[in-house]
file data_3.txt (compact mmCIF, C-alpha atoms)
# COMPACT_ATOMS: atom_id res chain seq x y z
CA MET A 178 -55.42 -34.20 -112.99
CA SER A 179 -53.05 -36.17 -110.75
CA ALA A 180 -53.98 -37.54 -107.33
CA VAL A 181 -51.69 -35.00 -105.69
CA GLU A 182 -53.18 -32.10 -107.63
CA ASN A 183 -56.62 -33.31 -106.59
CA VAL A 184 -55.70 -33.39 -102.88
CA MET A 185 -58.18 -31.71 -100.55
CA LYS A 186 -57.35 -28.14 -99.58
CA ASN A 187 -58.13 -28.87 -95.94
CA ILE A 188 -57.72 -32.19 -94.16
CA HIS A 189 -59.36 -32.60 -90.77
CA ILE A 190 -58.99 -35.79 -88.73
CA GLN A 191 -60.27 -36.54 -85.24
CA SER A 192 -59.45 -39.74 -83.34
CA PRO A 193 -60.91 -40.85 -80.01
CA THR A 194 -58.92 -41.58 -76.88
CA ARG A 195 -59.73 -44.63 -74.76
CA VAL A 196 -60.36 -46.07 -71.31
CA ASP A 197 -58.97 -49.47 -70.30
CA LEU A 198 -61.50 -52.01 -69.10
CA ALA A 199 -59.38 -55.14 -68.60
CA GLY A 200 -56.05 -56.71 -69.53
CA GLY A 201 -53.90 -53.60 -69.47
CA THR A 202 -50.10 -54.04 -69.77
CA LEU A 203 -50.48 -57.48 -71.37
CA ASP A 204 -50.54 -55.81 -74.77
CA MET A 205 -46.82 -55.11 -74.50
CA TRP A 206 -44.60 -57.69 -76.20
CA PRO A 207 -43.48 -60.17 -74.93
CA LEU A 208 -45.53 -59.99 -71.69
CA TYR A 209 -48.51 -61.80 -73.18
CA ASN A 210 -46.19 -64.76 -73.80
CA PHE A 211 -45.17 -64.92 -70.13
CA VAL A 212 -48.52 -66.04 -68.74
CA ASP A 213 -49.32 -69.65 -67.77
CA SER A 214 -49.86 -71.99 -70.69
CA LYS A 215 -53.60 -72.29 -69.96
CA TRP A 216 -53.98 -68.58 -70.85
CA GLN A 217 -51.65 -68.49 -73.86
CA GLY A 218 -53.56 -67.85 -77.04
CA GLN A 219 -56.42 -66.37 -75.00
CA VAL A 220 -54.68 -63.29 -73.61
CA CYS A 221 -56.71 -60.19 -74.35
CA THR A 222 -57.06 -56.56 -73.47
CA ILE A 223 -60.39 -54.75 -73.55
CA ASN A 224 -60.87 -51.01 -73.92
CA VAL A 225 -63.45 -48.54 -75.14
CA ALA A 226 -63.12 -45.43 -77.28
CA ILE A 227 -64.52 -42.31 -75.65
CA ASP A 228 -65.67 -38.94 -76.98
CA ILE A 229 -62.49 -37.12 -75.97
CA TYR A 230 -60.54 -36.55 -79.17
CA THR A 231 -57.25 -35.58 -80.67
CA ASP A 232 -57.47 -33.27 -83.65
CA VAL A 233 -55.21 -32.76 -86.68
CA GLN A 234 -55.74 -30.27 -89.47
CA ILE A 235 -53.60 -29.84 -92.56
CA GLN A 236 -54.11 -26.78 -94.73
CA THR A 237 -52.36 -26.94 -98.09
CA GLY A 238 -51.29 -24.20 -100.48
CA THR A 239 -49.00 -22.34 -98.08
CA SER A 240 -45.60 -20.98 -99.09
CA GLN A 241 -43.91 -22.53 -96.03
CA ILE A 242 -44.19 -25.54 -93.77
CA ILE A 243 -45.88 -24.42 -90.57
CA LEU A 244 -46.20 -26.70 -87.53
CA GLU A 245 -48.55 -25.59 -84.79
CA SER A 246 -49.56 -27.28 -81.53
CA LYS A 247 -52.42 -25.74 -79.57
CA ASP A 248 -51.49 -27.83 -76.51
CA ILE A 249 -47.90 -26.68 -76.00
CA GLN A 250 -48.23 -23.24 -77.63
CA LEU A 251 -45.81 -24.17 -80.38
CA LYS A 252 -45.63 -22.56 -83.79
CA ALA A 253 -42.62 -23.15 -86.04
CA GLU A 254 -42.06 -22.20 -89.68
CA PHE A 255 -39.68 -23.78 -92.16
CA ALA A 256 -38.74 -22.91 -95.72
CA ASN A 257 -38.58 -26.55 -96.80
CA LEU A 258 -38.72 -30.16 -95.66
CA GLU A 259 -34.97 -30.45 -95.18
CA SER A 260 -34.81 -27.59 -92.67
CA LEU A 261 -37.72 -29.06 -90.71
CA LEU A 262 -36.14 -32.51 -90.46
CA SER A 263 -32.76 -31.09 -89.46
CA SER A 264 -34.15 -29.00 -86.59
CA SER A 265 -32.87 -29.97 -83.12
CA ASP A 266 -35.94 -28.62 -81.30
CA ASN A 267 -37.22 -31.52 -79.14
CA LYS A 268 -40.76 -30.15 -79.32
CA LEU A 269 -40.79 -31.05 -83.01
CA SER A 270 -39.74 -34.69 -82.59
CA LEU A 271 -43.25 -36.14 -82.92
CA TYR A 272 -43.91 -34.25 -86.15
CA GLN A 273 -40.45 -35.07 -87.50
CA SER A 274 -40.89 -38.80 -86.91
CA VAL A 275 -44.22 -38.92 -88.77
CA ILE A 276 -43.04 -36.69 -91.63
CA LEU A 277 -39.85 -38.73 -91.98
CA TYR A 278 -41.96 -41.90 -92.31
CA PHE A 279 -43.92 -40.26 -95.15
CA GLN A 280 -40.86 -38.63 -96.71
CA LYS A 281 -40.99 -40.59 -99.98
CA PRO A 282 -44.77 -40.22 -100.52
CA LEU A 283 -44.42 -36.53 -99.68
CA GLN A 284 -41.99 -36.04 -102.56
CA SER A 285 -44.88 -36.16 -105.01
CA TYR A 286 -46.79 -33.63 -102.94
CA PHE A 287 -43.88 -31.20 -102.90
CA LYS A 288 -43.53 -31.37 -106.68
CA GLN A 289 -46.81 -29.46 -106.79
CA HIS A 290 -46.82 -27.53 -103.50
CA LYS A 291 -44.37 -25.50 -101.43
CA GLY A 292 -45.72 -26.17 -97.97
CA PHE A 293 -48.59 -26.93 -95.64
CA HIS A 294 -49.91 -25.74 -92.27
CA LEU A 295 -50.25 -28.52 -89.70
CA ILE A 296 -52.32 -27.81 -86.57
CA THR A 297 -52.69 -30.31 -83.74
CA SER A 298 -54.64 -30.30 -80.50
CA SER A 299 -55.95 -32.73 -77.91
CA GLN A 300 -58.95 -32.65 -75.61
CA SER A 301 -57.14 -35.06 -73.29
CA PRO A 302 -54.76 -33.36 -70.82
CA VAL A 303 -51.09 -34.36 -70.97
CA GLY A 304 -50.61 -37.36 -68.68
CA GLY A 305 -54.37 -37.88 -68.44
CA GLY A 306 -54.02 -41.65 -68.84
CA LEU A 307 -56.40 -41.84 -71.80
CA GLY A 308 -53.87 -42.74 -74.47
CA GLY A 309 -53.81 -39.19 -75.81
CA SER A 310 -50.33 -39.42 -77.33
CA SER A 311 -51.24 -42.66 -79.11
CA SER A 312 -54.47 -41.14 -80.40
CA LEU A 313 -52.57 -38.10 -81.69
CA MET A 314 -50.09 -40.37 -83.45
CA ILE A 315 -52.98 -42.11 -85.21
CA SER A 316 -54.54 -38.76 -86.16
CA LEU A 317 -51.22 -37.67 -87.67
CA LEU A 318 -50.80 -40.92 -89.60
CA LYS A 319 -54.35 -40.71 -90.97
CA SER A 320 -53.85 -37.07 -91.97
CA PHE A 321 -50.56 -37.54 -93.80
CA ALA A 322 -51.79 -40.72 -95.45
CA LYS A 323 -54.66 -38.67 -96.85
CA LEU A 324 -52.34 -35.85 -97.88
CA CYS A 325 -49.99 -38.24 -99.71
CA GLN A 326 -52.68 -40.55 -101.09
CA PHE A 327 -50.94 -43.32 -99.12
CA GLN A 328 -52.71 -46.57 -98.24
CA PHE A 329 -51.89 -48.61 -95.15
CA LYS A 330 -52.34 -52.33 -95.75
CA ASP A 331 -54.95 -52.50 -92.97
CA ASP A 332 -55.60 -51.22 -89.45
CA HIS A 333 -52.99 -53.58 -88.02
CA HIS A 334 -50.37 -52.05 -90.31
CA MET A 335 -51.24 -48.53 -89.14
CA VAL A 336 -51.05 -49.64 -85.50
CA GLN A 337 -47.68 -51.31 -86.11
CA VAL A 338 -46.26 -48.12 -87.60
CA ALA A 339 -47.67 -45.96 -84.78
CA HIS A 340 -46.39 -48.33 -82.11
CA ASN A 341 -42.87 -48.39 -83.57
CA LEU A 342 -42.68 -44.63 -84.13
CA GLU A 343 -43.80 -43.88 -80.58
CA ALA A 344 -41.34 -46.41 -79.11
CA SER A 345 -38.56 -44.69 -81.06
CA LEU A 346 -39.61 -41.31 -79.68
CA LEU A 347 -40.06 -42.41 -76.07
CA ARG A 348 -37.05 -44.73 -76.03
CA THR A 349 -39.10 -47.25 -74.07
CA PRO A 350 -41.15 -50.35 -74.97
CA THR A 351 -44.72 -49.57 -75.94
CA GLY A 352 -47.85 -51.67 -76.14
CA THR A 353 -50.37 -51.66 -78.97
CA GLN A 354 -53.81 -51.52 -77.38
CA ASP A 355 -54.00 -47.71 -77.17
CA TYR A 356 -53.93 -47.29 -80.95
CA TYR A 357 -56.81 -49.57 -81.95
CA PRO A 358 -59.68 -47.50 -80.49
CA ALA A 359 -58.15 -44.41 -82.09
CA VAL A 360 -58.26 -46.19 -85.45
CA SER A 361 -61.68 -47.81 -85.28
CA GLY A 362 -63.62 -46.58 -82.23
CA GLY A 363 -66.05 -48.79 -80.30
CA ILE A 364 -65.35 -51.41 -77.65
CA ASN A 365 -62.18 -53.24 -78.62
CA ILE A 366 -61.41 -56.82 -77.63
CA LEU A 367 -57.82 -57.46 -78.65
CA ASN A 368 -56.56 -61.03 -78.54
CA TYR A 369 -52.79 -61.61 -78.39
CA SER A 370 -51.54 -64.98 -79.61
CA PRO A 371 -48.54 -66.47 -81.45
CA ASP A 372 -50.43 -65.74 -84.69
CA GLY A 373 -50.52 -62.01 -83.98
CA ILE A 374 -53.26 -59.63 -82.87
CA GLN A 375 -56.92 -60.22 -83.59
CA GLN A 376 -59.36 -57.35 -83.09
CA LYS A 377 -63.06 -57.63 -82.37
CA ILE A 378 -65.02 -54.36 -82.36
CA LEU A 379 -68.32 -53.97 -80.55
CA PRO A 380 -70.48 -50.88 -81.00
CA VAL A 381 -71.23 -48.63 -78.03
CA ASP A 382 -75.01 -48.31 -77.92
CA SER A 383 -76.33 -45.07 -76.43
CA ASN A 384 -78.76 -47.17 -74.37
CA SER A 385 -76.18 -49.71 -73.24
CA TYR A 386 -75.33 -50.48 -69.62
CA LEU A 387 -71.81 -49.15 -70.16
CA GLU A 388 -73.06 -45.85 -71.57
CA LYS A 389 -75.51 -45.34 -68.73
CA HIS A 390 -73.14 -46.23 -65.88
CA PHE A 391 -69.81 -44.91 -67.12
CA LEU A 392 -68.19 -42.06 -65.20
CA LEU A 393 -64.78 -40.60 -66.05
CA VAL A 394 -63.09 -38.35 -63.48
CA TYR A 395 -59.95 -36.28 -64.02
CA THR A 396 -57.87 -35.99 -60.84
CA GLY A 397 -55.46 -33.42 -62.23
CA LYS A 398 -52.50 -35.72 -61.61
CA SER A 399 -50.33 -36.88 -64.49
CA HIS A 400 -50.11 -40.58 -65.29
CA HIS A 401 -47.00 -41.98 -66.98
CA SER A 402 -47.81 -45.55 -67.95
CA GLY A 403 -44.67 -45.97 -70.06
CA ILE A 404 -42.42 -45.82 -67.00
CA ASN A 405 -44.65 -48.18 -65.00
CA ASN A 406 -44.92 -50.67 -67.85
CA PHE A 407 -41.16 -50.71 -68.33
CA GLU A 408 -40.69 -51.62 -64.65
CA VAL A 409 -43.21 -54.46 -65.05
CA LEU A 410 -41.39 -55.64 -68.17
CA LYS A 411 -37.99 -55.65 -66.46
CA LYS A 412 -39.30 -57.62 -63.48
CA ALA A 413 -41.13 -60.11 -65.69
CA VAL A 414 -38.05 -60.71 -67.87
CA THR A 415 -35.93 -61.34 -64.78
CA GLY A 416 -38.46 -63.85 -63.46
CA ASP A 417 -39.90 -61.90 -60.53
CA GLN A 418 -42.60 -64.26 -59.25
CA ARG A 419 -44.81 -61.57 -57.74
CA THR A 420 -44.94 -59.75 -61.09
CA LEU A 421 -45.61 -62.96 -63.04
CA MET A 422 -48.43 -63.91 -60.67
CA ALA A 423 -49.96 -60.46 -61.09
CA LEU A 424 -49.82 -60.76 -64.89
CA ASN A 425 -51.59 -64.11 -64.68
CA ARG A 426 -54.32 -62.58 -62.54
CA VAL A 427 -54.73 -59.76 -65.05
CA ALA A 428 -54.95 -62.32 -67.88
CA LYS A 429 -57.55 -64.38 -65.96
CA ILE A 430 -59.74 -61.35 -65.26
CA ALA A 431 -59.60 -60.17 -68.88
CA VAL A 432 -60.45 -63.60 -70.31
CA GLU A 433 -63.35 -64.05 -67.87
CA THR A 434 -64.64 -60.57 -68.68
call {"tool": "encode", "arguments": {"input": "data_3.txt", "output": "structure tokens"}}
result
Amino acid sequence: MSAVENVMKNIHIQSPTRVDLAGGTLDMWPLYNFVDSKWQGQVCTINVAIDIYTDVQIQTGTSQIILESKDIQLKAEFANLESLLSSSDNKLSLYQSVILYFQKPLQSYFKQHKGFHLITSSQSPVGGGLGGSSSLMISLLKSFAKLCQFQFKDDHHMVQVAHNLEASLLRTPTGTQDYYPAVSGGINILNYSPDGIQQKILPVDSNSYLEKHFLLVYTGKSHHSGINNFEVLKKAVTGDQRTLMALNRVAKIAVET
């Protein structure tokens, strides 16, 4: 029996969202290279995965390709992969980008199957500021990797793919810190240096100070960090001193944390 024939009938992936603790915005290239030399090589962002999840289910054995989002009340059906990828419906762009990335591995799947039913949902409200879109991207990548028997080289590789796919969709620069807690959970200390990104994961103990004193409040107002970060990036690239000083203060706080 081939790996594709042995694929699970139902794939169910959940990935956590996150809360920033320190160093936000510095995860966006090349901002972490713009800080004073005394901080270079030490720049870090710190965040923690929380029990608010994105959810992806893939049911195999269907006669069509069905894409369903519980969050935006979307349900679309396609006879084949080509018709899905050629659709001009903007609501499908996230799914199309992920499926296009897995197009070659999916060829083996479609030699044995006609379709699948993809269902996505998120416990984080749109614009909630918890990295919900990044978490959903990771859930999709994990799900299709499992469906196709595809292996990412490591967690950094998965984050790199997610980061590039989302930047392509949003048409704006994106950072990388939001994806790591969705991949691995825990408290993430991410160090940005000329050598790349190093990740240190700390467990969240149920009896820890953070667990006992953490309070998350939803204001009901949407947060669009991509737009804000792009403004910071533009000002930093053009040498705005107020912005550069602020980035150095953020770097100092994160390192001392």
call {"tool": "closest_atom_pairs", "arguments": {"input": "data_3.txt", "of": "stretch 295-348 of chain A", "to": "stretch 260-278 of chain A", "cutoff": "9 Å", "atoms": "only C-alpha atoms", "output": "CSV"}}
result
residue,atom,partner,partner_atom,distance
A:Met314,CA,A:Val275,CA,8.1
A:Leu317,CA,A:Val275,CA,7.2
A:Leu318,CA,A:Val275,CA,6.9
A:Phe321,CA,A:Ile276,CA,7.9
A:Val338,CA,A:Tyr278,CA,8.9
A:Ala339,CA,A:Val275,CA,8.8
A:Leu342,CA,A:Ser274,CA,6.7
A:Glu343,CA,A:Leu271,CA,8.1
A:Ser345,CA,A:Ser274,CA,8.6
A:Leu346,CA,A:Leu271,CA,7.1
call {"tool": "write_last_selection", "arguments": {"input": "data_3.txt", "atoms": "C-alpha atoms", "output": "short mmCIF file (atom, residue, chain, number, x, y, z; two decimals), in the coordinates of the input"}}
result
data_model
loop_
_atom_site.label_atom_id
_atom_site.label_comp_id
_atom_site.auth_asym_id
_atom_site.auth_seq_id
_atom_site.Cartn_x
_atom_site.Cartn_y
_atom_site.Cartn_z
CA MET A 314 -50.09 -40.37 -83.45
CA LEU A 317 -51.22 -37.67 -87.67
CA LEU A 318 -50.80 -40.92 -89.60
CA PHE A 321 -50.56 -37.54 -93.80
CA VAL A 338 -46.26 -48.12 -87.60
CA ALA A 339 -47.67 -45.96 -84.78
CA LEU A 342 -42.68 -44.63 -84.13
CA GLU A 343 -43.80 -43.88 -80.58
CA SER A 345 -38.56 -44.69 -81.06
CA LEU A 346 -39.61 -41.31 -79.68
#
call {"tool": "atom_distance", "arguments": {"input": "data_3.txt", "atom1": "atom CA of A:Leu258", "atom2": "atom CA of A:Lys288"}}
result
12.1 Å
call {"tool": "residues_around", "arguments": {"input": "data_3.txt", "residues": "stretch 333-336 of chain A", "least_positions_apart": "6", "cutoff": "9 Å", "atoms": "all atoms listed in the file", "output": "PyMOL selection string"}}
result
chain A and resi 315+318-319+353-354+356-357+360+374-376
call {"tool": "closest_residue", "arguments": {"input": "data_3.txt", "among": "A:Met422, A:Leu203, A:Val220, A:Val303", "to": "A:Tyr395", "atoms": "only C-alpha atoms"}}
result
A:Val303
call {"tool": "atom_distance", "arguments": {"input": "data_3.txt", "atom1": "atom CA of A:Leu387", "atom2": "atom CA of A:Gln217"}}
result
28.2 Å
call {"tool": "closest_atom_pairs", "arguments": {"input": "data_3.txt", "of": "stretch 303-322 of chain A", "to": "stretch 228-232 of chain A", "cutoff": "7 Å", "atoms": "only C-alpha atoms", "output": "CSV"}}
result
residue,atom,partner,partner_atom,distance
A:Gly309,CA,A:Thr231,CA,7.0
A:Ser312,CA,A:Thr231,CA,6.2
A:Leu313,CA,A:Thr231,CA,5.4
A:Ser316,CA,A:Asp232,CA,6.7
call {"tool": "closest_residue", "arguments": {"input": "data_3.txt", "among": "A:Pro282, A:Pro350, A:Pro371, A:Pro302", "to": "A:Cys325", "atoms": "all atoms listed in the file"}}
result
A:Pro282
call {"tool": "closest_residue", "arguments": {"input": "data_3.txt", "among": "A:Lys323, A:Thr349, A:Lys330, A:His294", "to": "A:Glu408", "atoms": "all atoms listed in the file"}}
result
A:Thr349
call {"tool": "atom_distance", "arguments": {"input": "data_3.txt", "atom1": "atom CA of A:Ile378", "atom2": "atom CA of A:Ile223"}}
result
10.0 Å
call {"tool": "residues_around", "arguments": {"input": "data_3.txt", "residues": "A:Trp216", "least_positions_apart": "6", "cutoff": "12 Å", "atoms": "only C-alpha atoms", "output": "VMD selection string"}}
result
chain A and resid 203 209 to 210 368 to 370 424 to 433
call {"tool": "closest_residue", "arguments": {"input": "data_3.txt", "among": "A:Thr297, A:Ile243, A:Lys389, A:Thr222", "to": "A:Ser310", "atoms": "only C-alpha atoms"}}
result
A:Thr297
call {"tool": "closest_residue", "arguments": {"input": "data_3.txt", "among": "A:Thr202, A:Ile364, A:Ser301, A:Pro358", "to": "A:Asp248", "atoms": "all atoms listed in the file"}}
result
A:Ser301
